[in-house]
$ cat start_16.txt   # compact mmCIF, C-alpha atoms
# COMPACT_ATOMS: atom_id res chain seq x y z
CA MET N 1 18.66 285.48 94.54
CA THR N 2 22.37 284.88 94.99
CA LYS N 3 24.51 284.04 92.01
CA VAL N 4 26.79 281.09 92.71
CA ARG N 5 30.06 280.85 90.85
CA TYR N 6 31.54 277.41 90.48
CA LEU N 7 35.28 277.50 90.06
CA GLY N 8 35.67 273.82 89.37
CA VAL N 9 38.78 271.91 90.35
CA THR N 10 41.40 274.63 90.47
CA ASP N 11 44.41 272.33 90.97
CA PRO N 12 43.46 268.94 89.54
CA LYS N 13 46.93 267.38 89.85
CA ALA N 14 47.04 268.11 93.58
CA ALA N 15 43.43 267.01 94.07
CA PHE N 16 44.00 263.63 92.42
CA GLU N 17 47.43 263.24 93.97
CA ALA N 18 45.67 263.42 97.34
CA LEU N 19 43.63 260.38 96.24
CA ARG N 20 46.69 258.27 95.35
CA ASP N 21 46.49 256.36 98.67
CA TYR N 22 42.82 255.58 97.94
CA HIS N 23 43.81 254.22 94.51
CA HIS N 24 46.51 252.09 96.11
CA ALA N 25 44.02 250.82 98.75
CA LEU N 26 41.59 249.76 96.00
CA ILE N 27 44.34 247.76 94.31
CA LYS N 28 45.27 246.15 97.63
CA LEU N 29 41.63 245.19 98.26
CA GLN N 30 41.34 243.78 94.77
CA THR N 31 44.26 241.42 95.34
CA LYS N 32 42.26 239.75 98.14
CA CYS N 33 39.38 238.90 95.80
CA ARG N 34 38.94 236.05 93.35
CA PRO N 35 40.09 237.37 89.94
CA PHE N 36 37.10 238.55 87.90
CA GLY N 37 34.66 237.50 90.62
CA ALA N 38 31.85 239.85 91.65
CA ASP N 39 33.86 241.52 94.46
CA TYR N 40 36.88 241.99 92.20
CA LEU N 41 34.74 243.58 89.47
CA VAL N 42 33.03 246.02 91.83
CA ILE N 43 36.39 247.23 93.12
CA MET N 44 37.63 247.45 89.53
CA ALA N 45 34.68 249.71 88.69
CA ALA N 46 35.59 252.06 91.55
CA LYS N 47 39.25 252.07 90.51
CA GLU N 48 38.41 252.74 86.86
CA ALA N 49 36.02 255.54 87.85
CA LEU N 50 38.81 257.24 89.82
CA GLU N 51 41.26 256.79 86.93
CA THR N 52 38.71 258.18 84.45
CA ALA N 53 38.05 261.22 86.64
CA ALA N 54 41.80 261.81 87.01
CA PHE N 55 42.21 261.67 83.24
CA HIS N 56 39.26 264.01 82.69
CA PHE N 57 40.70 266.69 84.93
CA THR N 58 44.45 266.26 84.35
CA ARG N 59 44.52 264.99 80.74
CA ASP N 60 47.16 262.50 81.90
CA SER N 61 46.02 259.04 80.84
CA GLY N 62 48.51 257.34 83.16
CA PHE N 63 48.12 259.59 86.19
CA TYR N 64 48.14 256.70 88.67
CA ALA N 65 50.73 254.65 86.78
CA GLY N 66 54.28 254.71 88.05
CA ALA N 67 55.75 257.15 90.54
CA PRO N 68 53.83 259.99 92.21
CA HIS N 69 53.86 263.28 90.32
CA GLY N 70 54.37 265.45 93.39

$ encode --input "start_16.txt" --output "structure tokens"
Amino acid sequence: MTKVRYLGVTDPKAAFEALRDYHHALIKLQTKCRPFGADYLVIMAAKEALETAAFHFTRDSGFYAGAPHG
């Protein structure tokens, strides 16, 4: 049996920086939906999941706020 070593996310800032356009696209989609309607809330869930994952790996609670870190 082969032992598998999981390294995890070795460069989390770069990994989540690469998803910045996706985060921006979610916000853009959300602006086309009725505020707090079903579509808006589903997109919000996806956006919050991405923000939560970014915080988990980078420990930066405002990773997607403001200017890019790169």

$ atom_distance --input "start_16.txt" --atom1 "CA of His56 in chain N" --atom2 "CA of Thr10 in chain N"
13.3 Å

$ residues_around --input "start_16.txt" --residues "range 57-66 of chain N" --least-positions-apart "2" --cutoff "6 Å" --atoms "only C-alpha atoms" --output "ChimeraX atom specification"
/N:12,54-55

$ atom_distance --input "start_16.txt" --atom1 "CA of Ala49 in chain N" --atom2 "CA of Pro35 in chain N"
18.7 Å

$ atom_distance --input "start_16.txt" --atom1 "CA of Glu51 in chain N" --atom2 "CA of Leu26 in chain N"
11.5 Å

$ closest_residue --input "start_16.txt" --among "N:Ala53, N:Leu7, N:Met1, N:Met44" --to "Lys28 in chain N" --atoms "only C-alpha atoms"
N:Met44

$ closest_residue --input "start_16.txt" --among "N:Leu19, N:Ala14, N:Val4, N:Cys33" --to "Leu50 in chain N" --atoms "all atoms listed in the file"
N:Leu19

$ residues_near_point --input "start_16.txt" --point "(41.2, 246.0, 97.2)" --cutoff "12 Å" --atoms "all atoms listed in the file" --output "list in words"
Asp21, Tyr22, His23, His24, Ala25, Leu26, Ile27, Lys28, Leu29, Gln30, Thr31, Lys32, Cys33, Arg34, Pro35, Asp39, Tyr40, Leu41, Val42, Ile43, Met44, Ala45, Ala46 and Lys47 of chain N
